[in-house]
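Heads up, entry-v2.cif below (mmCIF, N, CA, C and O atoms):
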data_my_file
loop_
_atom_site.label_atom_id
_atom_site.label_comp_id
_atom_site.auth_asym_id
_atom_site.auth_seq_id
_atom_site.Cartn_x
_atom_site.Cartn_y
_atom_site.Cartn_z
N MET A 1 -3.84 -7.27 9.42
CA MET A 1 -3.92 -6.27 8.39
C MET A 1 -4.84 -5.16 8.86
O MET A 1 -5.90 -5.39 9.38
N ASN A 2 -4.42 -3.94 8.66
CA ASN A 2 -5.19 -2.79 9.09
C ASN A 2 -6.16 -2.40 7.98
O ASN A 2 -5.74 -1.89 6.95
N ASN A 3 -7.44 -2.63 8.17
CA ASN A 3 -8.43 -2.32 7.15
C ASN A 3 -9.20 -1.05 7.46
O ASN A 3 -10.18 -0.75 6.79
N THR A 4 -8.81 -0.31 8.47
CA THR A 4 -9.49 0.93 8.79
C THR A 4 -8.71 2.09 8.22
O THR A 4 -7.49 2.06 8.16
N VAL A 5 -9.42 3.11 7.80
CA VAL A 5 -8.76 4.30 7.29
C VAL A 5 -8.47 5.20 8.47
O VAL A 5 -9.38 5.65 9.16
N ARG A 6 -7.20 5.43 8.72
CA ARG A 6 -6.77 6.22 9.86
C ARG A 6 -6.66 7.68 9.44
O ARG A 6 -6.27 7.99 8.34
N LYS A 7 -7.04 8.55 10.35
CA LYS A 7 -6.92 9.97 10.09
C LYS A 7 -5.88 10.55 11.03
O LYS A 7 -5.52 9.94 12.02
N GLY A 8 -5.39 11.72 10.73
CA GLY A 8 -4.41 12.36 11.61
C GLY A 8 -3.04 12.44 10.97
O GLY A 8 -2.88 12.30 9.77
N LYS A 9 -2.05 12.66 11.83
CA LYS A 9 -0.68 12.84 11.38
C LYS A 9 -0.14 11.58 10.72
O LYS A 9 -0.40 10.47 11.16
N GLN A 10 0.64 11.79 9.65
CA GLN A 10 1.24 10.66 8.93
C GLN A 10 2.33 10.01 9.77
O GLN A 10 3.15 10.70 10.37
N ASN A 11 2.33 8.70 9.83
CA ASN A 11 3.40 7.96 10.48
C ASN A 11 4.62 7.94 9.57
O ASN A 11 4.53 8.21 8.37
N ARG A 12 5.75 7.56 10.14
CA ARG A 12 7.00 7.51 9.37
C ARG A 12 6.89 6.50 8.23
O ARG A 12 7.31 6.77 7.11
N HIS A 13 6.29 5.34 8.49
CA HIS A 13 6.20 4.34 7.41
C HIS A 13 5.22 4.77 6.33
O HIS A 13 5.35 4.37 5.18
N GLU A 14 4.26 5.62 6.65
CA GLU A 14 3.35 6.13 5.63
C GLU A 14 4.06 7.14 4.73
O GLU A 14 3.79 7.21 3.53
N LYS A 15 4.99 7.90 5.29
CA LYS A 15 5.78 8.82 4.47
C LYS A 15 6.68 8.04 3.52
O LYS A 15 6.89 8.45 2.38
N ILE A 16 7.19 6.93 3.99
CA ILE A 16 8.02 6.07 3.12
C ILE A 16 7.15 5.47 2.02
O ILE A 16 7.57 5.37 0.87
N THR A 17 5.93 5.09 2.37
CA THR A 17 5.01 4.53 1.36
C THR A 17 4.73 5.55 0.27
O THR A 17 4.63 5.18 -0.91
N VAL A 18 4.60 6.82 0.63
CA VAL A 18 4.35 7.86 -0.37
C VAL A 18 5.49 7.92 -1.38
O VAL A 18 5.25 8.09 -2.58
N THR A 19 6.72 7.74 -0.93
CA THR A 19 7.84 7.77 -1.86
C THR A 19 7.87 6.53 -2.76
O THR A 19 8.48 6.56 -3.82
N MET A 20 7.18 5.48 -2.34
CA MET A 20 7.18 4.23 -3.11
C MET A 20 5.92 4.06 -3.95
O MET A 20 5.74 3.02 -4.59
N LEU A 21 5.03 5.05 -3.98
CA LEU A 21 3.73 4.90 -4.66
C LEU A 21 3.83 4.75 -6.17
O LEU A 21 2.87 4.32 -6.80
N SER A 22 4.96 5.06 -6.76
CA SER A 22 5.09 4.95 -8.21
C SER A 22 5.09 3.49 -8.66
O SER A 22 4.80 3.19 -9.81
N GLY A 23 5.45 2.58 -7.75
CA GLY A 23 5.53 1.17 -8.11
C GLY A 23 6.88 0.79 -8.68
O GLY A 23 7.12 -0.37 -8.99
N LYS A 24 7.77 1.76 -8.82
CA LYS A 24 9.12 1.50 -9.33
C LYS A 24 10.06 1.30 -8.15
O LYS A 24 9.79 1.76 -7.05
N PRO A 25 11.18 0.63 -8.36
CA PRO A 25 12.15 0.45 -7.27
C PRO A 25 12.68 1.79 -6.78
O PRO A 25 12.97 2.69 -7.56
N VAL A 26 12.78 1.91 -5.45
CA VAL A 26 13.27 3.13 -4.81
C VAL A 26 14.48 2.75 -3.96
O VAL A 26 14.43 1.80 -3.18
N SER A 27 15.56 3.50 -4.10
CA SER A 27 16.78 3.19 -3.34
C SER A 27 16.63 3.68 -1.90
O SER A 27 15.86 4.59 -1.62
N PRO A 28 17.37 3.07 -0.97
CA PRO A 28 17.34 3.54 0.42
C PRO A 28 17.76 5.00 0.57
O PRO A 28 17.26 5.70 1.44
N ASP A 29 18.65 5.47 -0.31
CA ASP A 29 19.07 6.88 -0.26
C ASP A 29 17.92 7.81 -0.62
O ASP A 29 17.79 8.89 -0.05
N GLU A 30 17.07 7.41 -1.58
CA GLU A 30 15.90 8.22 -1.92
C GLU A 30 14.93 8.29 -0.76
O GLU A 30 14.32 9.33 -0.52
N ILE A 31 14.77 7.19 -0.06
CA ILE A 31 13.87 7.16 1.10
C ILE A 31 14.42 8.06 2.20
O ILE A 31 13.69 8.85 2.80
N LYS A 32 15.73 7.98 2.44
CA LYS A 32 16.34 8.81 3.48
C LYS A 32 16.29 10.29 3.13
O LYS A 32 16.20 11.14 4.01
N SER A 33 16.30 10.62 1.85
CA SER A 33 16.29 12.03 1.44
C SER A 33 14.97 12.71 1.77
O SER A 33 14.94 13.92 1.94
N CYS A 34 13.89 11.96 1.87
CA CYS A 34 12.61 12.59 2.19
C CYS A 34 12.52 12.98 3.67
O CYS A 34 11.63 13.71 4.06
N PHE A 35 13.46 12.50 4.49
CA PHE A 35 13.49 12.86 5.91
C PHE A 35 14.63 13.83 6.24
O PHE A 35 14.83 14.17 7.40
N THR A 36 15.37 14.28 5.23
CA THR A 36 16.48 15.19 5.47
C THR A 36 15.95 16.51 6.02
O THR A 36 15.03 17.09 5.49
N GLY A 37 16.54 16.93 7.13
CA GLY A 37 16.15 18.20 7.74
C GLY A 37 14.98 18.09 8.70
O GLY A 37 14.50 19.10 9.21
N THR A 38 14.49 16.88 8.95
CA THR A 38 13.38 16.71 9.89
C THR A 38 13.91 16.08 11.18
O THR A 38 15.05 15.64 11.24
N ASP A 39 13.06 16.06 12.19
CA ASP A 39 13.46 15.44 13.46
C ASP A 39 13.55 13.92 13.36
O ASP A 39 14.09 13.27 14.25
N GLN A 40 13.03 13.34 12.29
CA GLN A 40 13.04 11.89 12.13
C GLN A 40 14.25 11.39 11.34
O GLN A 40 14.39 10.21 11.10
N GLU A 41 15.12 12.31 10.96
CA GLU A 41 16.30 11.93 10.18
C GLU A 41 17.24 11.01 10.97
O GLU A 41 17.86 10.12 10.41
N SER A 42 17.29 11.19 12.27
CA SER A 42 18.23 10.42 13.08
C SER A 42 17.80 8.98 13.30
O SER A 42 18.60 8.17 13.73
N VAL A 43 16.55 8.64 13.03
CA VAL A 43 16.08 7.28 13.28
C VAL A 43 15.93 6.47 11.99
O VAL A 43 15.23 5.48 11.97
N MET A 44 16.61 6.86 10.93
CA MET A 44 16.49 6.13 9.67
C MET A 44 17.27 4.82 9.69
O MET A 44 17.21 4.06 8.75
N TYR A 45 17.97 4.53 10.78
CA TYR A 45 18.58 3.21 10.92
C TYR A 45 17.50 2.15 11.09
O TYR A 45 17.75 0.97 10.96
N ARG A 46 16.28 2.58 11.36
CA ARG A 46 15.15 1.67 11.56
C ARG A 46 14.35 1.48 10.27
O ARG A 46 13.17 1.22 10.31
N LEU A 47 14.99 1.60 9.13
CA LEU A 47 14.29 1.48 7.84
C LEU A 47 13.63 0.12 7.69
O LEU A 47 12.50 0.03 7.21
N SER A 48 14.29 -0.94 8.13
CA SER A 48 13.69 -2.26 8.01
C SER A 48 12.43 -2.39 8.86
O SER A 48 11.48 -3.07 8.47
N THR A 49 12.38 -1.71 10.00
CA THR A 49 11.18 -1.70 10.84
C THR A 49 10.04 -0.98 10.13
O THR A 49 8.89 -1.42 10.19
N ASN A 50 10.37 0.10 9.45
CA ASN A 50 9.33 0.83 8.72
C ASN A 50 8.80 0.01 7.54
O ASN A 50 7.60 0.04 7.25
N ILE A 51 9.66 -0.71 6.86
CA ILE A 51 9.22 -1.60 5.77
C ILE A 51 8.32 -2.69 6.34
O ILE A 51 7.30 -3.05 5.75
N TYR A 52 8.68 -3.20 7.51
CA TYR A 52 7.84 -4.21 8.18
C TYR A 52 6.46 -3.64 8.50
O TYR A 52 5.44 -4.32 8.32
N ASN A 53 6.40 -2.38 8.95
CA ASN A 53 5.10 -1.76 9.25
C ASN A 53 4.26 -1.56 7.99
O ASN A 53 3.03 -1.66 8.04
N ILE A 54 4.90 -1.29 6.87
CA ILE A 54 4.17 -1.19 5.60
C ILE A 54 3.54 -2.55 5.27
O ILE A 54 2.39 -2.63 4.85
N ARG A 55 4.30 -3.61 5.52
CA ARG A 55 3.77 -4.95 5.28
C ARG A 55 2.62 -5.28 6.23
O ARG A 55 1.67 -5.95 5.84
N LEU A 56 2.71 -4.82 7.47
CA LEU A 56 1.61 -5.05 8.41
C LEU A 56 0.34 -4.33 7.97
O LEU A 56 -0.77 -4.81 8.21
N ASP A 57 0.50 -3.16 7.35
CA ASP A 57 -0.66 -2.42 6.86
C ASP A 57 -1.32 -3.08 5.66
O ASP A 57 -2.45 -2.77 5.32
N GLY A 58 -0.62 -3.98 4.98
CA GLY A 58 -1.18 -4.65 3.82
C GLY A 58 -0.36 -4.50 2.57
O GLY A 58 -0.75 -4.95 1.50
N GLY A 59 0.79 -3.84 2.67
CA GLY A 59 1.65 -3.63 1.51
C GLY A 59 2.49 -4.85 1.19
O GLY A 59 2.88 -5.60 2.08
N ILE A 60 2.75 -5.03 -0.09
CA ILE A 60 3.65 -6.09 -0.54
C ILE A 60 4.91 -5.39 -1.02
O ILE A 60 4.89 -4.69 -2.04
N VAL A 61 5.99 -5.53 -0.25
CA VAL A 61 7.23 -4.83 -0.54
C VAL A 61 8.27 -5.84 -1.02
O VAL A 61 8.57 -6.81 -0.32
N LYS A 62 8.78 -5.59 -2.20
CA LYS A 62 9.83 -6.44 -2.76
C LYS A 62 11.17 -5.80 -2.46
O LYS A 62 11.37 -4.61 -2.71
N VAL A 63 12.09 -6.58 -1.90
CA VAL A 63 13.43 -6.09 -1.57
C VAL A 63 14.37 -6.49 -2.70
O VAL A 63 14.46 -7.66 -3.06
N ILE A 64 15.06 -5.51 -3.26
CA ILE A 64 15.98 -5.75 -4.36
C ILE A 64 17.39 -5.70 -3.79
O ILE A 64 17.78 -4.72 -3.15
N LYS A 65 18.16 -6.78 -4.02
CA LYS A 65 19.49 -6.90 -3.42
C LYS A 65 20.55 -7.19 -4.47
O LYS A 65 20.26 -7.79 -5.51
N GLU A 66 21.76 -6.77 -4.16
CA GLU A 66 22.96 -7.18 -4.89
C GLU A 66 23.83 -7.87 -3.86
O GLU A 66 24.47 -7.22 -3.04
N GLY A 67 23.83 -9.19 -3.87
CA GLY A 67 24.52 -9.94 -2.83
C GLY A 67 23.76 -9.79 -1.53
O GLY A 67 22.58 -10.11 -1.45
N ARG A 68 24.43 -9.27 -0.50
CA ARG A 68 23.76 -9.05 0.78
C ARG A 68 23.29 -7.63 0.95
O ARG A 68 22.55 -7.31 1.88
N LYS A 69 23.72 -6.73 0.05
CA LYS A 69 23.40 -5.31 0.18
C LYS A 69 22.05 -5.00 -0.48
O LYS A 69 21.81 -5.37 -1.62
N VAL A 70 21.19 -4.29 0.26
CA VAL A 70 19.90 -3.87 -0.28
C VAL A 70 20.12 -2.66 -1.16
O VAL A 70 20.68 -1.65 -0.74
N THR A 71 19.66 -2.76 -2.42
CA THR A 71 19.81 -1.64 -3.35
C THR A 71 18.50 -0.94 -3.62
O THR A 71 18.49 0.15 -4.19
N GLY A 72 17.37 -1.54 -3.23
CA GLY A 72 16.10 -0.88 -3.47
C GLY A 72 14.93 -1.62 -2.88
O GLY A 72 15.02 -2.79 -2.49
N TYR A 73 13.82 -0.89 -2.78
CA TYR A 73 12.55 -1.45 -2.33
C TYR A 73 11.50 -1.10 -3.37
O TYR A 73 11.55 -0.03 -3.96
N GLN A 74 10.56 -2.01 -3.58
CA GLN A 74 9.50 -1.77 -4.56
C GLN A 74 8.17 -2.15 -3.94
O GLN A 74 8.00 -3.26 -3.42
N LEU A 75 7.21 -1.23 -3.98
CA LEU A 75 5.86 -1.49 -3.50
C LEU A 75 5.07 -2.12 -4.64
O LEU A 75 4.81 -1.48 -5.65
N VAL A 76 4.73 -3.39 -4.48
CA VAL A 76 4.10 -4.14 -5.57
C VAL A 76 2.63 -3.76 -5.74
O VAL A 76 2.15 -3.56 -6.84
N ASN A 77 1.91 -3.65 -4.63
CA ASN A 77 0.48 -3.33 -4.71
C ASN A 77 0.25 -1.85 -4.43
O ASN A 77 -0.53 -1.47 -3.56
N ASN A 78 0.88 -0.99 -5.22
CA ASN A 78 0.81 0.45 -4.99
C ASN A 78 -0.57 1.03 -5.25
O ASN A 78 -0.88 2.11 -4.76
N THR A 79 -1.43 0.35 -5.99
CA THR A 79 -2.77 0.86 -6.26
C THR A 79 -3.69 0.72 -5.06
O THR A 79 -4.78 1.30 -5.05
N GLU A 80 -3.27 -0.02 -4.05
CA GLU A 80 -4.10 -0.23 -2.87
C GLU A 80 -3.82 0.78 -1.76
O GLU A 80 -4.29 0.62 -0.64
N PHE A 81 -3.05 1.83 -2.07
CA PHE A 81 -2.73 2.88 -1.12
C PHE A 81 -3.24 4.21 -1.64
O PHE A 81 -3.25 4.44 -2.86
N ASP A 82 -3.67 5.11 -0.72
CA ASP A 82 -4.09 6.43 -1.15
C ASP A 82 -2.88 7.35 -1.27
O ASP A 82 -1.74 6.95 -1.02
N LYS A 83 -3.11 8.61 -1.62
CA LYS A 83 -2.01 9.54 -1.85
C LYS A 83 -1.26 9.90 -0.58
O LYS A 83 -0.15 10.40 -0.63
N ASN A 84 -1.83 9.60 0.60
CA ASN A 84 -1.17 9.86 1.88
C ASN A 84 -0.38 8.66 2.37
O ASN A 84 0.16 8.69 3.48
N GLY A 85 -0.34 7.57 1.60
CA GLY A 85 0.42 6.39 1.98
C GLY A 85 -0.33 5.46 2.90
O GLY A 85 0.26 4.59 3.52
N ARG A 86 -1.64 5.61 2.99
CA ARG A 86 -2.44 4.76 3.87
C ARG A 86 -3.13 3.68 3.06
O ARG A 86 -3.65 3.92 1.97
N TYR A 87 -3.15 2.49 3.61
CA TYR A 87 -3.74 1.33 2.93
C TYR A 87 -5.25 1.47 2.88
O TYR A 87 -5.89 1.72 3.89
N VAL A 88 -5.83 1.34 1.68
CA VAL A 88 -7.29 1.39 1.53
C VAL A 88 -7.85 0.08 1.02
O VAL A 88 -9.07 -0.10 1.01
N GLY A 89 -7.01 -0.83 0.59
CA GLY A 89 -7.47 -2.13 0.12
C GLY A 89 -7.53 -2.18 -1.39
O GLY A 89 -7.33 -1.19 -2.07
N PRO A 90 -7.83 -3.36 -1.91
CA PRO A 90 -7.90 -3.49 -3.37
C PRO A 90 -9.06 -2.69 -3.93
O PRO A 90 -10.10 -2.54 -3.30
N VAL A 91 -8.84 -2.17 -5.12
CA VAL A 91 -9.88 -1.40 -5.80
C VAL A 91 -10.92 -2.37 -6.33
O VAL A 91 -10.60 -3.29 -7.09
N VAL A 92 -12.15 -2.18 -5.89
CA VAL A 92 -13.23 -3.05 -6.30
C VAL A 92 -14.10 -2.30 -7.30
O VAL A 92 -14.59 -1.21 -7.02
N THR A 93 -14.27 -2.88 -8.46
CA THR A 93 -15.13 -2.27 -9.46
C THR A 93 -16.49 -2.94 -9.39
O THR A 93 -16.60 -4.16 -9.28
N GLN A 94 -17.52 -2.14 -9.42
CA GLN A 94 -18.87 -2.67 -9.36
C GLN A 94 -19.29 -3.13 -10.75
O GLN A 94 -19.28 -2.36 -11.70
N VAL A 95 -19.64 -4.39 -10.85
CA VAL A 95 -20.11 -4.95 -12.11
C VAL A 95 -21.63 -5.00 -12.02
O VAL A 95 -22.19 -5.59 -11.10
N PRO A 96 -22.32 -4.36 -12.97
CA PRO A 96 -23.78 -4.39 -12.90
C PRO A 96 -24.29 -5.82 -13.12
O PRO A 96 -23.84 -6.53 -14.01
N VAL A 97 -25.18 -6.19 -12.27
CA VAL A 97 -25.75 -7.53 -12.34
C VAL A 97 -27.01 -7.44 -13.19
O VAL A 97 -27.92 -6.67 -12.90
N SER A 98 -27.04 -8.24 -14.24
CA SER A 98 -28.24 -8.23 -15.08
C SER A 98 -29.17 -9.34 -14.60
O SER A 98 -28.78 -10.49 -14.43
N VAL A 99 -30.40 -8.94 -14.37
CA VAL A 99 -31.40 -9.90 -13.92
C VAL A 99 -32.15 -10.38 -15.15
O VAL A 99 -32.67 -9.59 -15.93
N PRO A 100 -32.19 -11.70 -15.35
CA PRO A 100 -32.90 -12.20 -16.53
C PRO A 100 -34.40 -11.91 -16.41
O PRO A 100 -34.97 -11.92 -15.32
N ASP A 101 -34.99 -11.60 -17.54
CA ASP A 101 -36.43 -11.31 -17.57
C ASP A 101 -37.18 -12.63 -17.50
O ASP A 101 -37.20 -13.40 -18.46
N VAL A 102 -37.77 -12.87 -16.37
CA VAL A 102 -38.50 -14.12 -16.17
C VAL A 102 -39.98 -13.76 -16.05
O VAL A 102 -40.41 -13.14 -15.11
N THR A 103 -40.71 -14.17 -17.06
CA THR A 103 -42.17 -13.97 -17.00
C THR A 103 -42.82 -15.33 -16.90
O THR A 103 -42.40 -16.28 -17.55
N PRO A 104 -43.80 -15.45 -16.03
CA PRO A 104 -44.44 -16.76 -15.89
C PRO A 104 -45.19 -17.12 -17.17
O PRO A 104 -45.80 -16.29 -17.82
N GLU A 105 -45.08 -18.41 -17.50
CA GLU A 105 -45.78 -18.87 -18.69
C GLU A 105 -47.23 -19.15 -18.31
O GLU A 105 -47.52 -19.79 -17.30
N VAL A 106 -48.11 -18.64 -19.11
CA VAL A 106 -49.53 -18.82 -18.83
C VAL A 106 -50.04 -19.89 -19.80
O VAL A 106 -49.88 -19.77 -21.01
N GLU A 107 -50.64 -20.92 -19.23
CA GLU A 107 -51.18 -21.97 -20.07
C GLU A 107 -52.57 -21.55 -20.53
O GLU A 107 -53.37 -21.03 -19.77
N SER A 108 -52.79 -21.75 -21.78
CA SER A 108 -54.11 -21.39 -22.29
C SER A 108 -55.11 -22.50 -21.97
O SER A 108 -54.84 -23.68 -22.08
N VAL A 109 -56.26 -22.08 -21.52
CA VAL A 109 -57.30 -23.04 -21.15
C VAL A 109 -58.31 -23.04 -22.30
O VAL A 109 -58.93 -22.03 -22.63
N GLU A 110 -58.51 -24.18 -22.91
CA GLU A 110 -59.48 -24.27 -24.01
C GLU A 110 -60.52 -25.27 -23.71
O GLU A 110 -60.48 -26.20 -23.05
#

Just give me the structure as structure tokens.
Amino acid sequence: MNNTVRKGKQNRHEKITVTMLSGKPVSPDEIKSCFTGTDQESVMYRLSTNIYNIRLDGGIVKVIKEGRKVTGYQLVNNTEFDKNGRYVGPVVTQVPVSVPDVTPEVESVE
């Protein structure tokens, strides 16, 4: 799992992750439409490889099928990705820790 935040140009699988950030099922045609007119349009036969790379980054991708045909992909843990499609990990909320007031008991000497 890649736990480092990478900077620089977006990879192809990160662009696909951006289209899946809503958490709703996305059809393969919707994914292909985001590459229309780019130099990467010709390599969309490798969609399963890109989904595999999303899983390597830490994504949980659900494949929706009708029989043997894939009708959609759904990113289950979409909150663990930033707006650029890069994995940042689970959102951790800081819970304030309350320290109990412990005062030493003083015995009275009489």

Can you pull out every residue within 5 Å of range 10-26 of chain A, counting only N, CA, C and O atoms, but drop anything in the same chain fewer than 5 positions away, and send it as a PyMOL selection string? chain A and resi 50+71-75+78+84-85

DSSP strand (DSSP E or B) selection over chain A, as an MDAnalysis selection string: chainID A and resid 26 61:66 69:75 81 87

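Comparing the minimum interatomic distances between Tyr87 in chain A and each of A:Lys69, A:Asp57, A:Lys62, A:Val106, counting all atoms listed in the file, we find that A:Asp57 sits nearest.
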
Residues within 12 Å of Gly58 in chain A, please, as a list in words. Count only C-alpha atoms; anything in the same chain fewer than 5 positions from it doesn't count. Met1, Asn2, Asn3, Thr4, Glu14, Thr17, Ile51, Tyr52, Asn53, Leu75, Val76, Asn77, Asn78, Thr79, Glu80, Phe81, Gly85, Arg86, Tyr87, Val88, Gly89 and Pro90 of chain A

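You will find atom O of Leu56 in chain A at 22.4 Å from CA of Val70 in chain A.
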
Looking only at alpha helix (DSSP H) from DSSP on the backbone, list the matching residues of chain A as an NGL selection string. :A and (12-19 or 28-33 or 47-57)

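Between atom O of Lys9 in chain A and CA of Phe35 in chain A the interatomic distance comes to 15.0 Å.
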
Given 3 Å on each side, where is the centre and what are the edge lengths in Å to one decimal of the axis-aligned box enclosing the listed atoms of range 15-32 of chain A, as AutoDock Vina command-line options?
--center_x 11.0 --center_y 5.4 --center_z -2.3 --size_x 22.2 --size_y 17.5 --size_z 21.1

Got a minute to add all heavy atoms to range 63-72 of chain A and dump it as a PDB file, keeping the file's coordinate frame?
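Result file is rebuild05.pdb:
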ATOM      1  N   VAL A  63      12.090  -6.580  -1.900  1.00  0.00           N
ATOM      2  CA  VAL A  63      13.430  -6.090  -1.570  1.00  0.00           C
ATOM      3  C   VAL A  63      14.370  -6.490  -2.700  1.00  0.00           C
ATOM      4  O   VAL A  63      14.460  -7.660  -3.060  1.00  0.00           O
ATOM      5  CB  VAL A  63      13.909  -6.664  -0.220  1.00  0.00           C
ATOM      6  CG1 VAL A  63      15.292  -6.149   0.105  1.00  0.00           C
ATOM      7  CG2 VAL A  63      12.926  -6.327   0.880  1.00  0.00           C
ATOM      8  N   ILE A  64      15.060  -5.510  -3.260  1.00  0.00           N
ATOM      9  CA  ILE A  64      15.980  -5.750  -4.360  1.00  0.00           C
ATOM     10  C   ILE A  64      17.390  -5.700  -3.790  1.00  0.00           C
ATOM     11  O   ILE A  64      17.780  -4.720  -3.150  1.00  0.00           O
ATOM     12  CB  ILE A  64      15.793  -4.697  -5.464  1.00  0.00           C
ATOM     13  CG1 ILE A  64      14.344  -4.753  -5.951  1.00  0.00           C
ATOM     14  CG2 ILE A  64      16.769  -4.915  -6.604  1.00  0.00           C
ATOM     15  CD1 ILE A  64      13.912  -3.572  -6.753  1.00  0.00           C
ATOM     16  N   LYS A  65      18.160  -6.780  -4.020  1.00  0.00           N
ATOM     17  CA  LYS A  65      19.490  -6.900  -3.420  1.00  0.00           C
ATOM     18  C   LYS A  65      20.550  -7.190  -4.470  1.00  0.00           C
ATOM     19  O   LYS A  65      20.260  -7.790  -5.510  1.00  0.00           O
ATOM     20  CB  LYS A  65      19.520  -8.046  -2.396  1.00  0.00           C
ATOM     21  CG  LYS A  65      18.701  -7.812  -1.167  1.00  0.00           C
ATOM     22  CD  LYS A  65      18.896  -8.970  -0.204  1.00  0.00           C
ATOM     23  CE  LYS A  65      18.236  -8.694   1.113  1.00  0.00           C
ATOM     24  NZ  LYS A  65      18.538  -9.746   2.092  1.00  0.00           N
ATOM     25  N   GLU A  66      21.760  -6.770  -4.160  1.00  0.00           N
ATOM     26  CA  GLU A  66      22.960  -7.180  -4.890  1.00  0.00           C
ATOM     27  C   GLU A  66      23.830  -7.870  -3.860  1.00  0.00           C
ATOM     28  O   GLU A  66      24.470  -7.220  -3.040  1.00  0.00           O
ATOM     29  CB  GLU A  66      23.682  -5.987  -5.488  1.00  0.00           C
ATOM     30  CG  GLU A  66      23.005  -5.416  -6.700  1.00  0.00           C
ATOM     31  CD  GLU A  66      23.791  -4.258  -7.289  1.00  0.00           C
ATOM     32  OE1 GLU A  66      24.981  -4.089  -6.939  1.00  0.00           O
ATOM     33  OE2 GLU A  66      23.214  -3.532  -8.094  1.00  0.00           O
ATOM     34  N   GLY A  67      23.830  -9.190  -3.870  1.00  0.00           N
ATOM     35  CA  GLY A  67      24.520  -9.940  -2.830  1.00  0.00           C
ATOM     36  C   GLY A  67      23.760  -9.790  -1.530  1.00  0.00           C
ATOM     37  O   GLY A  67      22.580 -10.110  -1.450  1.00  0.00           O
ATOM     38  N   ARG A  68      24.430  -9.270  -0.500  1.00  0.00           N
ATOM     39  CA  ARG A  68      23.760  -9.050   0.780  1.00  0.00           C
ATOM     40  C   ARG A  68      23.290  -7.630   0.950  1.00  0.00           C
ATOM     41  O   ARG A  68      22.550  -7.310   1.880  1.00  0.00           O
ATOM     42  CB  ARG A  68      24.735  -9.385   1.913  1.00  0.00           C
ATOM     43  CG  ARG A  68      25.001 -10.861   2.035  1.00  0.00           C
ATOM     44  CD  ARG A  68      25.936 -11.165   3.158  1.00  0.00           C
ATOM     45  NE  ARG A  68      25.503 -10.562   4.410  1.00  0.00           N
ATOM     46  CZ  ARG A  68      26.248 -10.506   5.500  1.00  0.00           C
ATOM     47  NH1 ARG A  68      27.468 -10.978   5.478  1.00  0.00           N
ATOM     48  NH2 ARG A  68      25.792  -9.963   6.591  1.00  0.00           N
ATOM     49  N   LYS A  69      23.720  -6.730   0.050  1.00  0.00           N
ATOM     50  CA  LYS A  69      23.400  -5.310   0.180  1.00  0.00           C
ATOM     51  C   LYS A  69      22.050  -5.000  -0.480  1.00  0.00           C
ATOM     52  O   LYS A  69      21.810  -5.370  -1.620  1.00  0.00           O
ATOM     53  CB  LYS A  69      24.490  -4.467  -0.452  1.00  0.00           C
ATOM     54  CG  LYS A  69      24.261  -2.997  -0.287  1.00  0.00           C
ATOM     55  CD  LYS A  69      25.372  -2.185  -0.875  1.00  0.00           C
ATOM     56  CE  LYS A  69      25.041  -0.730  -0.638  1.00  0.00           C
ATOM     57  NZ  LYS A  69      25.942   0.168  -1.288  1.00  0.00           N
ATOM     58  N   VAL A  70      21.190  -4.290   0.260  1.00  0.00           N
ATOM     59  CA  VAL A  70      19.900  -3.870  -0.280  1.00  0.00           C
ATOM     60  C   VAL A  70      20.120  -2.660  -1.160  1.00  0.00           C
ATOM     61  O   VAL A  70      20.680  -1.650  -0.740  1.00  0.00           O
ATOM     62  CB  VAL A  70      18.911  -3.527   0.866  1.00  0.00           C
ATOM     63  CG1 VAL A  70      17.618  -2.968   0.304  1.00  0.00           C
ATOM     64  CG2 VAL A  70      18.632  -4.746   1.710  1.00  0.00           C
ATOM     65  N   THR A  71      19.660  -2.760  -2.420  1.00  0.00           N
ATOM     66  CA  THR A  71      19.810  -1.640  -3.350  1.00  0.00           C
ATOM     67  C   THR A  71      18.500  -0.940  -3.620  1.00  0.00           C
ATOM     68  O   THR A  71      18.490   0.150  -4.190  1.00  0.00           O
ATOM     69  CB  THR A  71      20.381  -2.128  -4.690  1.00  0.00           C
ATOM     70  OG1 THR A  71      19.519  -3.117  -5.239  1.00  0.00           O
ATOM     71  CG2 THR A  71      21.774  -2.700  -4.505  1.00  0.00           C
ATOM     72  N   GLY A  72      17.370  -1.540  -3.230  1.00  0.00           N
ATOM     73  CA  GLY A  72      16.100  -0.880  -3.470  1.00  0.00           C
ATOM     74  C   GLY A  72      14.930  -1.620  -2.880  1.00  0.00           C
ATOM     75  O   GLY A  72      15.020  -2.790  -2.490  1.00  0.00           O
TER      76      GLY A  72
END
